[in-house]
file model.txt (compact mmCIF, C-alpha atoms)
# COMPACT_ATOMS: atom_id res chain seq x y z
CA MET A 16 4.18 -4.01 11.81
CA ILE A 17 7.84 -4.66 12.50
CA ASP A 18 9.32 -7.52 14.50
CA ILE A 19 9.39 -6.68 18.22
CA LYS A 20 12.68 -8.59 18.49
CA ILE A 21 14.37 -5.88 16.41
CA ILE A 22 13.20 -3.20 18.84
CA ARG A 23 13.92 -5.31 21.90
CA GLU A 24 17.49 -6.10 20.85
CA ASN A 25 18.51 -2.68 19.52
CA PRO A 26 16.08 0.15 20.31
CA GLU A 27 18.66 2.86 19.63
CA GLY A 28 19.44 1.35 16.23
CA VAL A 29 15.73 1.30 15.42
CA LYS A 30 15.41 4.96 16.39
CA ALA A 31 18.35 5.84 14.14
CA ARG A 32 16.73 4.08 11.17
CA TYR A 33 13.46 5.89 11.78
CA GLN A 34 15.31 9.21 11.94
CA ARG A 35 16.51 8.48 8.41
CA LYS A 36 12.84 8.24 7.47
CA LEU A 37 12.08 11.53 9.24
CA ALA A 38 9.78 9.66 11.63
CA ALA A 39 9.69 11.21 15.11
CA VAL A 40 8.99 8.03 17.06
CA ASP A 41 11.71 7.95 19.75
CA ALA A 42 9.25 8.30 22.64
CA GLN A 43 6.97 5.72 21.00
CA VAL A 44 9.83 3.22 20.71
CA ASP A 45 10.81 3.80 24.34
CA ARG A 46 7.24 3.19 25.45
CA ILE A 47 7.02 0.01 23.38
CA VAL A 48 10.18 -1.31 25.06
CA ILE A 49 8.63 -0.69 28.49
CA LEU A 50 5.29 -2.24 27.52
CA ASP A 51 7.01 -5.26 25.96
CA ALA A 52 8.90 -5.93 29.20
CA ARG A 53 5.75 -5.49 31.31
CA ARG A 54 3.79 -7.71 28.95
CA ARG A 55 6.29 -10.55 29.17
CA GLU A 56 6.62 -10.20 32.95
CA THR A 57 2.84 -10.21 33.40
CA ILE A 58 2.38 -13.23 31.14
CA ALA A 59 5.09 -15.12 33.06
CA SER A 60 3.49 -14.17 36.39
CA VAL A 61 0.00 -15.24 35.25
CA GLU A 62 1.31 -18.55 33.92
CA SER A 63 3.20 -19.18 37.17
CA ASP A 64 0.13 -18.41 39.28
CA LYS A 65 -2.07 -20.60 37.10
CA ALA A 66 0.39 -23.46 37.44
CA GLU A 67 0.35 -23.00 41.23
CA GLN A 68 -3.45 -22.80 41.17
CA ASN A 69 -3.62 -26.10 39.28
CA ARG A 70 -1.18 -27.74 41.66
CA VAL A 71 -3.10 -26.62 44.73
CA SER A 72 -6.44 -27.52 43.14
CA LYS A 73 -5.27 -31.07 42.49
CA SER A 74 -4.20 -31.46 46.12
CA ILE A 75 -7.64 -30.63 47.56
CA PRO A 76 -9.38 -33.99 46.78
CA THR A 77 -6.49 -35.91 48.35
CA MET A 78 -6.57 -33.70 51.45
CA ARG A 79 -10.30 -34.17 51.84
CA LYS A 80 -9.95 -37.91 51.36
CA ASN A 81 -7.35 -37.97 54.13
CA GLY A 82 -9.59 -35.87 56.37
CA GLU A 83 -7.26 -32.85 56.31
CA ASP A 84 -8.47 -29.28 56.78
CA THR A 85 -8.59 -27.51 53.39
CA THR A 86 -9.54 -24.06 54.69
CA GLU A 87 -6.11 -22.51 54.15
CA VAL A 88 -5.69 -24.19 50.76
CA ILE A 89 -9.07 -22.92 49.57
CA ALA A 90 -8.18 -19.43 50.82
CA LEU A 91 -4.93 -19.67 48.86
CA MET A 92 -6.95 -20.77 45.81
CA ASN A 93 -9.19 -17.71 46.13
CA THR A 94 -6.18 -15.42 46.56
CA LEU A 95 -4.54 -16.85 43.45
CA LYS A 96 -7.80 -16.57 41.52
CA GLU A 97 -8.14 -12.88 42.36
CA LYS A 98 -4.47 -12.23 41.67
CA ILE A 99 -4.80 -13.85 38.23
CA ARG A 100 -7.97 -11.86 37.49
CA VAL A 101 -6.29 -8.55 38.32
CA ALA A 102 -3.19 -9.49 36.33
CA GLU A 103 -5.23 -10.48 33.29
CA VAL A 104 -7.09 -7.15 33.37
CA SER A 105 -3.73 -5.39 33.52
CA LEU A 106 -2.40 -7.59 30.71
CA ARG A 107 -5.32 -6.67 28.45
CA GLU A 108 -4.64 -2.97 29.05
CA ILE A 109 -0.92 -3.41 28.38
CA GLU A 110 -1.53 -5.41 25.20
CA GLU A 111 -4.06 -2.90 23.90
CA GLU A 112 -1.62 0.01 24.28
CA TYR A 113 1.25 -2.13 22.98
CA ARG A 114 -0.67 -3.16 19.85
CA THR A 115 -1.84 0.41 19.19
CA LEU A 116 1.73 1.73 19.35
CA MET A 117 3.13 -1.12 17.26
CA LEU A 118 0.49 -0.61 14.55
CA ALA A 119 1.29 3.11 14.46
CA LEU A 120 4.98 2.55 13.77
CA PRO A 121 5.96 3.00 10.10
CA ASN A 122 8.05 0.42 8.32
CA LEU A 123 11.82 0.51 8.74
CA PRO A 124 13.59 1.84 5.63
CA ASP A 125 16.10 -0.36 3.86
CA GLU A 126 19.67 0.37 4.91
CA ASP A 127 20.83 1.46 1.43
CA LEU A 128 18.34 4.33 1.12
CA ALA A 129 19.56 7.91 1.42
CA PRO A 130 18.31 9.61 4.59
CA GLY A 131 15.97 12.58 4.46
CA GLY A 132 13.20 13.71 2.15
CA LYS A 133 12.59 14.07 -1.56
CA GLU A 134 15.52 16.43 -1.96
CA ASN A 135 17.71 13.34 -1.55
CA ASN A 136 15.90 11.19 -4.11
CA GLU A 137 18.32 9.60 -6.57
CA PRO A 138 17.55 9.35 -10.32
CA LEU A 139 18.90 5.97 -11.39
CA ARG A 140 18.35 6.05 -15.15
CA TYR A 141 16.71 7.98 -17.97
CA PHE A 142 14.97 6.70 -21.07
CA GLY A 143 14.60 8.71 -24.26
CA GLU A 144 14.85 12.46 -24.70
CA PRO A 145 12.53 15.24 -23.53
CA HIS A 146 9.88 16.07 -26.11
CA LYS A 147 10.49 19.15 -28.27
CA PHE A 148 7.99 21.03 -30.40
CA GLY A 149 8.43 23.15 -33.50
CA PHE A 150 5.31 25.12 -32.56
CA GLU A 151 3.58 26.49 -29.46
CA PRO A 152 2.03 23.40 -27.78
CA GLN A 153 -1.39 23.45 -26.16
CA HIS A 154 -2.19 22.50 -22.58
CA HIS A 155 -3.90 19.11 -22.22
CA VAL A 156 -7.01 20.74 -20.71
CA ASP A 157 -7.47 22.88 -23.81
CA LEU A 158 -6.69 19.99 -26.16
CA CYS A 159 -9.00 17.53 -24.40
CA THR A 160 -11.79 20.09 -24.33
CA LYS A 161 -11.43 21.03 -28.02
CA LEU A 162 -11.23 17.37 -29.10
CA GLY A 163 -14.20 16.38 -26.95
CA LEU A 164 -12.16 13.85 -24.98
CA ILE A 165 -12.79 15.17 -21.46
CA ASP A 166 -15.75 17.13 -20.13
CA TYR A 167 -14.38 19.02 -17.14
CA GLU A 168 -17.38 21.28 -16.57
CA ARG A 169 -19.89 18.47 -16.39
CA GLY A 170 -17.54 16.47 -14.16
CA VAL A 171 -17.66 19.32 -11.66
CA LYS A 172 -21.44 19.58 -12.10
CA LEU A 173 -21.85 15.88 -11.32
CA ALA A 174 -19.44 15.52 -8.39
CA GLY A 175 -17.65 18.79 -7.63
CA SER A 176 -14.03 19.82 -8.12
CA GLY A 177 -11.49 17.08 -8.65
CA PHE A 178 -13.75 15.03 -10.95
CA TRP A 179 -14.09 14.82 -14.74
CA VAL A 180 -16.01 12.90 -17.39
CA TYR A 181 -14.40 10.91 -20.23
CA ARG A 182 -16.39 11.19 -23.46
CA GLY A 183 -16.30 9.59 -26.88
CA LEU A 184 -12.74 8.96 -28.03
CA GLY A 185 -11.51 10.14 -24.62
CA ALA A 186 -13.37 7.29 -22.91
CA ARG A 187 -12.15 4.85 -25.55
CA LEU A 188 -8.57 6.09 -25.19
CA GLU A 189 -8.75 5.65 -21.41
CA TRP A 190 -10.11 2.12 -21.86
CA ALA A 191 -7.41 1.36 -24.44
CA LEU A 192 -4.72 2.30 -21.92
CA LEU A 193 -6.23 -0.01 -19.31
CA ASN A 194 -6.48 -2.86 -21.81
CA TYR A 195 -2.86 -2.34 -22.84
CA PHE A 196 -1.75 -2.55 -19.21
CA ILE A 197 -3.87 -5.61 -18.41
CA ASP A 198 -2.91 -7.54 -21.53
CA SER A 199 0.78 -6.93 -20.84
CA HIS A 200 0.51 -8.20 -17.26
CA VAL A 201 -1.55 -11.24 -18.16
CA ALA A 202 1.04 -12.14 -20.81
CA ASP A 203 3.64 -12.03 -18.01
CA GLY A 204 1.72 -14.60 -15.98
CA TYR A 205 -0.12 -12.30 -13.56
CA GLU A 206 -3.62 -13.26 -12.44
CA LEU A 207 -6.29 -10.65 -13.09
CA VAL A 208 -8.47 -10.14 -10.01
CA LEU A 209 -11.51 -7.87 -9.88
CA VAL A 210 -11.94 -6.86 -6.25
CA PRO A 211 -14.69 -5.04 -4.33
CA HIS A 212 -14.40 -1.27 -4.45
CA MET A 213 -15.64 -0.96 -0.87
CA LEU A 214 -13.41 -2.57 1.75
CA GLU A 215 -13.60 -3.29 5.45
CA TYR A 216 -11.24 -1.62 7.91
CA GLU A 217 -9.05 -4.71 8.28
CA CYS A 218 -7.86 -4.38 4.68
CA GLY A 219 -6.49 -0.90 5.31
CA LEU A 220 -5.02 -2.00 8.63
CA THR A 221 -3.18 -4.87 6.96
CA ALA A 222 -1.86 -2.63 4.18
CA GLY A 223 -0.55 -0.10 6.71
CA GLN A 224 -2.93 2.69 5.68
CA PHE A 225 -4.76 2.61 9.00
CA PRO A 226 -4.83 3.89 11.62
CA LYS A 227 -2.53 6.66 10.35
CA PHE A 228 -4.36 7.68 7.16
CA ASP A 229 -7.98 6.86 7.89
CA ASP A 230 -8.95 10.52 7.45
CA GLU A 231 -7.81 10.53 3.81
CA ASP A 232 -10.39 8.03 2.57
CA TYR A 233 -14.07 8.12 1.75
CA TRP A 234 -16.06 6.20 4.37
CA ILE A 235 -19.49 4.64 3.94
CA LEU A 236 -21.71 3.66 6.89
CA ASN A 237 -24.50 1.19 6.25
CA PRO A 238 -27.42 2.45 8.38
CA THR A 239 -29.19 -0.93 8.36
CA ASP A 240 -26.48 -3.05 9.98
CA GLY A 241 -23.79 -0.68 11.25
CA ARG A 242 -21.13 -1.99 8.87
CA ARG A 243 -18.48 0.55 7.89
CA HIS A 244 -16.57 0.40 4.61
CA TYR A 245 -14.14 2.69 2.85
CA MET A 246 -13.74 3.32 -0.87
CA LEU A 247 -10.42 1.81 -1.87
CA PRO A 248 -7.66 4.36 -2.62
CA THR A 249 -5.88 1.67 -4.68
CA ALA A 250 -6.36 -2.07 -5.22
CA GLU A 251 -3.28 -2.80 -3.07
CA PRO A 252 -5.10 -3.26 0.29
CA ALA A 253 -7.59 -5.62 -1.33
CA LEU A 254 -4.96 -7.71 -3.13
CA VAL A 255 -2.70 -7.88 -0.07
CA SER A 256 -5.61 -9.02 2.08
CA LEU A 257 -6.53 -11.88 -0.24
CA HIS A 258 -4.32 -14.14 1.91
CA ARG A 259 -4.87 -12.45 5.27
CA ASP A 260 -4.89 -14.96 8.14
CA GLU A 261 -3.71 -17.74 5.82
CA ILE A 262 -0.72 -20.08 5.78
CA LEU A 263 0.31 -20.75 2.19
CA THR A 264 2.42 -23.65 1.02
CA GLU A 265 5.87 -22.75 -0.26
CA SER A 266 4.93 -24.16 -3.67
CA GLU A 267 2.14 -21.58 -3.93
CA LEU A 268 4.66 -18.76 -3.97
CA PRO A 269 5.12 -16.37 -5.59
CA ARG A 270 1.58 -15.16 -6.08
CA LYS A 271 1.37 -12.51 -8.80
CA TYR A 272 -1.79 -10.42 -9.02
CA ILE A 273 -3.10 -7.44 -10.96
CA SER A 274 -6.37 -5.62 -10.53
CA TYR A 275 -8.11 -2.81 -12.35
CA THR A 276 -10.11 -0.46 -10.12
CA PRO A 277 -11.14 3.15 -9.92
CA CYS A 278 -9.28 4.70 -7.00
CA PHE A 279 -10.80 7.18 -4.57
CA ARG A 280 -8.82 9.79 -2.63
CA ARG A 281 -10.25 12.45 -0.35
CA GLU A 282 -6.96 14.32 -0.28
CA ALA A 283 -6.47 15.10 -3.95
CA GLY A 284 -3.94 17.84 -3.35
CA SER A 285 -3.75 21.47 -4.36
CA TYR A 286 -5.06 22.74 -7.64
CA GLY A 287 -2.52 25.30 -8.79
CA ALA A 288 -2.07 26.75 -12.23
CA ASP A 289 0.53 24.07 -12.95
CA GLU A 290 -1.89 21.26 -12.11
CA ARG A 291 -4.96 22.03 -14.18
CA GLY A 292 -7.20 19.24 -15.34
CA MET A 293 -6.82 15.60 -14.40
CA VAL A 294 -3.32 15.43 -12.94
CA ARG A 295 -4.81 15.34 -9.45
CA GLY A 296 -8.29 14.17 -8.66
CA HIS A 297 -10.54 12.39 -6.19
CA GLN A 298 -11.19 9.48 -8.58
CA PHE A 299 -8.90 7.94 -11.18
CA ASN A 300 -8.29 4.60 -12.89
CA LYS A 301 -5.36 2.33 -12.16
CA VAL A 302 -4.07 -1.17 -12.72
CA GLU A 303 -2.25 -2.33 -9.59
CA MET A 304 0.42 -5.04 -9.37
CA VAL A 305 1.02 -7.07 -6.21
CA GLN A 306 3.39 -9.93 -5.49
CA VAL A 307 3.47 -12.25 -2.47
CA THR A 308 6.85 -13.96 -2.18
CA ARG A 309 9.29 -15.82 0.01
CA PRO A 310 11.65 -13.39 1.82
CA GLU A 311 14.65 -14.44 -0.26
CA ASP A 312 12.76 -13.73 -3.50
CA SER A 313 11.47 -10.24 -2.77
CA ALA A 314 14.48 -8.34 -4.13
CA GLU A 315 14.14 -10.10 -7.48
CA ALA A 316 10.37 -9.53 -7.43
CA PHE A 317 10.96 -5.83 -6.82
CA ASP A 318 13.24 -5.58 -9.86
CA GLU A 319 10.63 -7.43 -11.92
CA LEU A 320 7.89 -4.97 -10.97
CA VAL A 321 10.12 -1.99 -11.77
CA THR A 322 11.05 -3.47 -15.15
CA LYS A 323 7.41 -4.19 -15.97
CA ALA A 324 6.32 -0.62 -15.22
CA GLU A 325 9.25 0.78 -17.22
CA ARG A 326 8.35 -1.43 -20.18
CA LEU A 327 4.77 -0.14 -20.21
CA VAL A 328 5.97 3.46 -20.24
CA LYS A 329 8.50 2.72 -22.99
CA GLY A 330 5.73 1.19 -25.07
CA LEU A 331 3.84 4.47 -24.96
CA GLY A 332 6.91 6.30 -26.25
CA PHE A 333 7.44 8.55 -23.24
CA HIS A 334 10.70 10.02 -22.02
CA PHE A 335 10.97 9.07 -18.35
CA ARG A 336 13.31 8.54 -15.44
CA THR A 337 13.40 5.95 -12.67
CA VAL A 338 14.07 7.42 -9.23
CA LYS A 339 15.16 5.70 -6.02
CA LEU A 340 13.33 7.47 -3.20
CA ALA A 341 15.11 8.63 -0.08
CA ALA A 342 13.97 7.02 3.16
CA GLY A 343 11.81 9.98 4.17
CA ASP A 344 9.98 10.10 0.85
CA CYS A 345 8.91 6.45 1.00
CA GLY A 346 5.38 5.72 2.16
CA SER A 347 4.78 4.82 5.77
CA ALA A 348 4.38 1.09 5.04
CA MET A 349 7.22 0.86 2.52
CA ALA A 350 10.79 -0.32 3.10
CA ARG A 351 11.91 0.93 -0.32
CA THR A 352 10.27 2.63 -3.31
CA TYR A 353 11.23 3.48 -6.87
CA ASP A 354 9.16 6.04 -8.77
CA ILE A 355 8.85 6.25 -12.54
CA GLU A 356 8.41 9.85 -13.60
CA ILE A 357 7.45 11.38 -16.93
CA GLN A 358 7.35 14.92 -18.24
CA ILE A 359 4.09 16.63 -19.06
CA PRO A 360 5.16 19.50 -21.34
CA SER A 361 2.81 22.08 -19.78
CA MET A 362 4.16 21.33 -16.30
CA ALA A 363 7.62 21.93 -14.92
CA GLY A 364 9.77 18.98 -13.97
CA TYR A 365 8.81 15.32 -13.73
CA LYS A 366 5.56 13.78 -12.49
CA GLU A 367 5.29 10.32 -10.89
CA ILE A 368 3.13 7.83 -12.79
CA SER A 369 4.18 4.66 -11.01
CA SER A 370 5.49 3.81 -7.55
CA ILE A 371 6.93 0.35 -6.96
CA SER A 372 7.47 -0.65 -3.34
CA ASN A 373 8.67 -3.52 -1.20
CA THR A 374 7.06 -3.67 2.24
CA ARG A 375 9.19 -6.70 3.28
CA GLU A 376 7.19 -8.49 6.03
CA TYR A 377 5.55 -5.33 7.40
CA GLN A 378 2.12 -5.98 5.86
CA ALA A 379 2.38 -9.73 6.34
CA ARG A 380 2.85 -9.30 10.11
CA ARG A 381 -0.16 -7.00 10.31
CA GLY A 382 -2.32 -9.41 8.31
CA MET A 383 -0.82 -12.72 9.51
CA ILE A 384 0.09 -13.76 5.96
CA ARG A 385 2.48 -16.70 6.21
CA PHE A 386 3.84 -19.75 4.44
CA ARG A 387 5.20 -23.11 5.54
CA ARG A 388 8.84 -23.78 4.59
CA GLU A 389 9.00 -27.20 2.92
CA SER A 390 12.53 -28.05 4.07
CA THR A 391 11.91 -27.34 7.77
CA GLY A 392 8.15 -27.23 8.27
CA GLN A 393 8.63 -23.81 9.90
CA ILE A 394 5.99 -21.13 9.41
CA GLU A 395 7.40 -17.80 8.20
CA TYR A 396 6.02 -14.45 7.11
CA VAL A 397 5.85 -13.74 3.38
CA HIS A 398 7.05 -10.52 1.77
CA THR A 399 4.55 -8.33 -0.10
CA LEU A 400 5.31 -5.91 -2.92
CA ASN A 401 3.14 -3.54 -4.91
CA GLY A 402 3.37 -1.19 -7.86
CA SER A 403 1.29 0.93 -10.20
CA GLY A 404 1.04 -0.76 -13.52
CA LEU A 405 -0.13 1.90 -14.41
CA ALA A 406 -2.41 4.78 -13.31
CA THR A 407 -3.92 6.81 -16.14
CA SER A 408 -4.61 10.22 -14.61
CA ARG A 409 -1.20 11.59 -15.59
CA ILE A 410 -0.54 9.35 -18.57
CA LEU A 411 -3.47 10.56 -20.64
CA PRO A 412 -2.55 14.26 -20.21
CA ALA A 413 1.08 13.47 -21.09
CA LEU A 414 0.01 11.40 -24.10
CA VAL A 415 -2.25 14.14 -25.44
CA GLU A 416 0.33 16.87 -24.91
CA GLN A 417 3.37 15.00 -26.20
CA ASN A 418 1.61 13.54 -29.24
CA GLN A 419 -0.17 16.70 -30.34
CA GLN A 420 0.38 18.02 -33.84
CA GLN A 421 0.42 21.62 -35.00
CA ASP A 422 -3.08 21.29 -36.46
CA GLY A 423 -4.51 20.23 -33.09
CA SER A 424 -4.68 16.51 -33.83
CA VAL A 425 -3.15 13.86 -31.56
CA VAL A 426 -1.19 10.82 -32.71
CA ILE A 427 -2.24 7.60 -30.97
CA PRO A 428 0.66 5.41 -29.73
CA GLU A 429 1.01 2.27 -31.82
CA VAL A 430 0.47 -0.07 -28.84
CA LEU A 431 -3.02 1.36 -28.32
CA ARG A 432 -4.29 1.29 -31.89
CA LYS A 433 -5.56 -2.28 -31.83
CA TYR A 434 -7.89 -1.32 -29.00
CA LEU A 435 -9.26 1.58 -31.04
CA GLY A 436 -10.10 -0.25 -34.25
CA GLY A 437 -6.79 0.67 -35.88
CA LEU A 438 -7.28 4.42 -35.38
CA GLU A 439 -3.94 6.20 -35.72
CA LEU A 440 -4.95 9.82 -35.14
CA ILE A 441 -7.49 11.80 -33.16
CA PRO A 442 -8.46 14.36 -35.77
CA PRO A 443 -8.71 18.08 -34.97
CA ARG A 444 -12.05 19.77 -34.57
CA GLY A 445 -12.91 22.97 -36.24
call {"tool": "encode", "arguments": {"input": "model.txt", "output": "structure tokens"}}
result
Amino acid sequence: MIDIKIIRENPEGVKARYQRKLAAVDAQVDRIVILDARRRETIASVESDKAEQNRVSKSIPTMRKNGEDTTEVIALMNTLKEKIRVAEVSLREIEEEYRTLMLALPNLPDEDLAPGGKENNEPLRYFGEPHKFGFEPQHHVDLCTKLGLIDYERGVKLAGSGFWVYRGLGARLEWALLNYFIDSHVADGYELVLVPHMLEYECGLTAGQFPKFDDEDYWILNPTDGRRHYMLPTAEPALVSLHRDEILTESELPRKYISYTPCFRREAGSYGADERGMVRGHQFNKVEMVQVTRPEDSAEAFDELVTKAERLVKGLGFHFRTVKLAAGDCGSAMARTYDIEIQIPSMAGYKEISSISNTREYQARRGMIRFRRESTGQIEYVHTLNGSGLATSRILPALVEQNQQQDGSVVIPEVLRKYLGGLELIPPRG
């Protein structure tokens, strides 16, 4: 949620910034401006009438004591009471519509982002060189199947399309990746948090996923008590909501969290010939990074998260690029986002394996996440940031494809070997 003062003071400027994000919200902004004015007028009127009601009420005992007729005063009291009741009903209706529209607004993009969609994304830097083979490389689906790493058929049998089963060395390799990520983050001072995989609606509302994207998640209704949960699409909404409705001390900031979770997505995307296997799926594993900071520290925190994700990818030996997303390609809740993209040899172009975003105070306002400034005692909103650190569903295919040898074996990156008992190579199968 953005600050209403920004809209109130410069609605046309707000519309212009949303146009850069390709968000058609002009009519919504105009309506918010009207509702905000009505809301403030109604609140002022109710407060004025209540003050008058109190004044008149206090005069009645004195009038009765002096033997004065209170009929007109009591009639005035009843009139004020009814007027206040009607106004409060109206105020509730105004505030309900106002809150609904405010929650539906996306975050404002940072001023330095290019306008428009992904065609205006800006590659900032490249690391390494694209992988080259001296032989005809195999697709990761064929390699993983031959090596017994992934069982695609039984994944579909168990859960339908968009699911797979890790087996043997494939399961161990997946777990090695997650351990590599977690150990790296813990060494950097991040707290490992294992969160519930089913969340209540308020978590998604705070993160900015709801109400806009509530049809993209898996929902679970408990028939015994009516409680409704959704399967988390990432650990971000859980980690962000850790401090929902709290006022932190300034000395508690920054808070740096990581969490490993499976992630569940109803909308897994299209399954074209260029996206065979596990590049897109309804369930995948990810380690998520989240920081909660003072406003003045969020730019530095953003750079830290980007650097951390880049370092993990470098450790795996991948060629990659870091891309600054245009305003329209950033997520609804994000003020800015950098993607880290790698090449999977069997697929054209680059594929995102990490998104690092700064939401500024957008999530904090929705979740009332605040801190008390030590120098002034003032209560302010924190800034929240998040990033993939990392997801495995595209890394494992890239690792298998890029590290394959002509004989069908796969070289294991050095950073993973300690998690696999020193194993250096996944041997070919006859």
call {"tool": "residues_near_point", "arguments": {"input": "model.txt", "point": "(-18.3, -0.1, 4.5)", "cutoff": "10 Å", "atoms": "only C-alpha atoms", "output": "list of chain:residue names"}}
result
A:His212, A:Met213, A:Leu214, A:Glu215, A:Tyr216, A:Tyr233, A:Trp234, A:Ile235, A:Leu236, A:Asn237, A:Gly241, A:Arg242, A:Arg243, A:His244, A:Tyr245, A:Met246
call {"tool": "write_last_selection", "arguments": {"input": "model.txt", "atoms": "C-alpha atoms", "output": "PDB file, in the coordinates of the input"}}
result
ATOM      1  CA  HIS A 212     -14.400  -1.270  -4.450  1.00  0.00           C
ATOM      2  CA  MET A 213     -15.640  -0.960  -0.870  1.00  0.00           C
ATOM      3  CA  LEU A 214     -13.410  -2.570   1.750  1.00  0.00           C
ATOM      4  CA  GLU A 215     -13.600  -3.290   5.450  1.00  0.00           C
ATOM      5  CA  TYR A 216     -11.240  -1.620   7.910  1.00  0.00           C
ATOM      6  CA  TYR A 233     -14.070   8.120   1.750  1.00  0.00           C
ATOM      7  CA  TRP A 234     -16.060   6.200   4.370  1.00  0.00           C
ATOM      8  CA  ILE A 235     -19.490   4.640   3.940  1.00  0.00           C
ATOM      9  CA  LEU A 236     -21.710   3.660   6.890  1.00  0.00           C
ATOM     10  CA  ASN A 237     -24.500   1.190   6.250  1.00  0.00           C
ATOM     11  CA  GLY A 241     -23.790  -0.680  11.250  1.00  0.00           C
ATOM     12  CA  ARG A 242     -21.130  -1.990   8.870  1.00  0.00           C
ATOM     13  CA  ARG A 243     -18.480   0.550   7.890  1.00  0.00           C
ATOM     14  CA  HIS A 244     -16.570   0.400   4.610  1.00  0.00           C
ATOM     15  CA  TYR A 245     -14.140   2.690   2.850  1.00  0.00           C
ATOM     16  CA  MET A 246     -13.740   3.320  -0.870  1.00  0.00           C
TER      17      MET A 246
END
call {"tool": "closest_residue", "arguments": {"input": "model.txt", "among": "A:Asp312, A:Asp45, A:Glu110, A:Glu217", "to": "Thr57 of chain A", "atoms": "all atoms listed in the file"}}
result
A:Glu110
call {"tool": "closest_residue", "arguments": {"input": "model.txt", "among": "A:Ala129, A:Arg32, A:Arg23, A:Pro211", "to": "Ser256 of chain A", "atoms": "all atoms listed in the file"}}
result
A:Pro211
call {"tool": "residues_near_point", "arguments": {"input": "model.txt", "point": "(17.8, 3.6, 22.5)", "cutoff": "12 Å", "atoms": "only C-alpha atoms", "output": "NGL selection string"}}
result
:A and (21-33 or 40-49)
call {"tool": "write_last_selection", "arguments": {"input": "model.txt", "atoms": "C-alpha atoms", "output": "mmCIF file, in the frame of the given file"}}
result
data_model
loop_
_atom_site.group_PDB
_atom_site.id
_atom_site.type_symbol
_atom_site.label_atom_id
_atom_site.label_comp_id
_atom_site.auth_asym_id
_atom_site.auth_seq_id
_atom_site.Cartn_x
_atom_site.Cartn_y
_atom_site.Cartn_z
ATOM 1 C CA ILE A 21 14.370 -5.880 16.410
ATOM 2 C CA ILE A 22 13.200 -3.200 18.840
ATOM 3 C CA ARG A 23 13.920 -5.310 21.900
ATOM 4 C CA GLU A 24 17.490 -6.100 20.850
ATOM 5 C CA ASN A 25 18.510 -2.680 19.520
ATOM 6 C CA PRO A 26 16.080 0.150 20.310
ATOM 7 C CA GLU A 27 18.660 2.860 19.630
ATOM 8 C CA GLY A 28 19.440 1.350 16.230
ATOM 9 C CA VAL A 29 15.730 1.300 15.420
ATOM 10 C CA LYS A 30 15.410 4.960 16.390
ATOM 11 C CA ALA A 31 18.350 5.840 14.140
ATOM 12 C CA ARG A 32 16.730 4.080 11.170
ATOM 13 C CA TYR A 33 13.460 5.890 11.780
ATOM 14 C CA VAL A 40 8.990 8.030 17.060
ATOM 15 C CA ASP A 41 11.710 7.950 19.750
ATOM 16 C CA ALA A 42 9.250 8.300 22.640
ATOM 17 C CA GLN A 43 6.970 5.720 21.000
ATOM 18 C CA VAL A 44 9.830 3.220 20.710
ATOM 19 C CA ASP A 45 10.810 3.800 24.340
ATOM 20 C CA ARG A 46 7.240 3.190 25.450
ATOM 21 C CA ILE A 47 7.020 0.010 23.380
ATOM 22 C CA VAL A 48 10.180 -1.310 25.060
ATOM 23 C CA ILE A 49 8.630 -0.690 28.490
#
call {"tool": "closest_residue", "arguments": {"input": "model.txt", "among": "A:Asp157, A:Asp354, A:Glu231, A:Glu251", "to": "Glu416 of chain A", "atoms": "all atoms listed in the file"}}
result
A:Asp157
call {"tool": "closest_residue", "arguments": {"input": "model.txt", "among": "A:Lys323, A:Lys172, A:Arg107, A:Lys96", "to": "Gly204 of chain A", "atoms": "all atoms listed in the file"}}
result
A:Lys323
call {"tool": "atom_distance", "arguments": {"input": "model.txt", "atom1": "atom CA of Thr308 of chain A", "atom2": "atom CA of Phe225 of chain A"}}
result
23.1 Å
call {"tool": "atom_distance", "arguments": {"input": "model.txt", "atom1": "atom CA of Met304 of chain A", "atom2": "atom CA of Gly183 of chain A"}}
result
28.3 Å
call {"tool": "build_atoms", "arguments": {"input": "model.txt", "residues": "segment 367-373 of chain A", "atoms": "N, CA and C atoms", "output": "short mmCIF file (atom, residue, chain, number, x, y, z; two decimals), keeping the file's coordinate frame"}}
result
data_model
loop_
_atom_site.label_atom_id
_atom_site.label_comp_id
_atom_site.auth_asym_id
_atom_site.auth_seq_id
_atom_site.Cartn_x
_atom_site.Cartn_y
_atom_site.Cartn_z
N GLU A 367 5.31 11.77 -11.14
CA GLU A 367 5.29 10.32 -10.89
C GLU A 367 4.06 9.69 -11.51
N ILE A 368 4.26 8.58 -12.24
CA ILE A 368 3.13 7.83 -12.79
C ILE A 368 3.11 6.39 -12.28
N SER A 369 4.17 5.99 -11.61
CA SER A 369 4.18 4.66 -11.01
C SER A 369 5.10 4.65 -9.81
N SER A 370 4.65 4.06 -8.72
CA SER A 370 5.49 3.81 -7.55
C SER A 370 5.54 2.31 -7.32
N ILE A 371 6.74 1.77 -7.21
CA ILE A 371 6.93 0.35 -6.96
C ILE A 371 7.59 0.21 -5.60
N SER A 372 7.00 -0.58 -4.72
CA SER A 372 7.47 -0.65 -3.34
C SER A 372 7.58 -2.07 -2.84
N ASN A 373 8.53 -2.27 -1.94
CA ASN A 373 8.67 -3.52 -1.20
C ASN A 373 8.36 -3.21 0.26
#
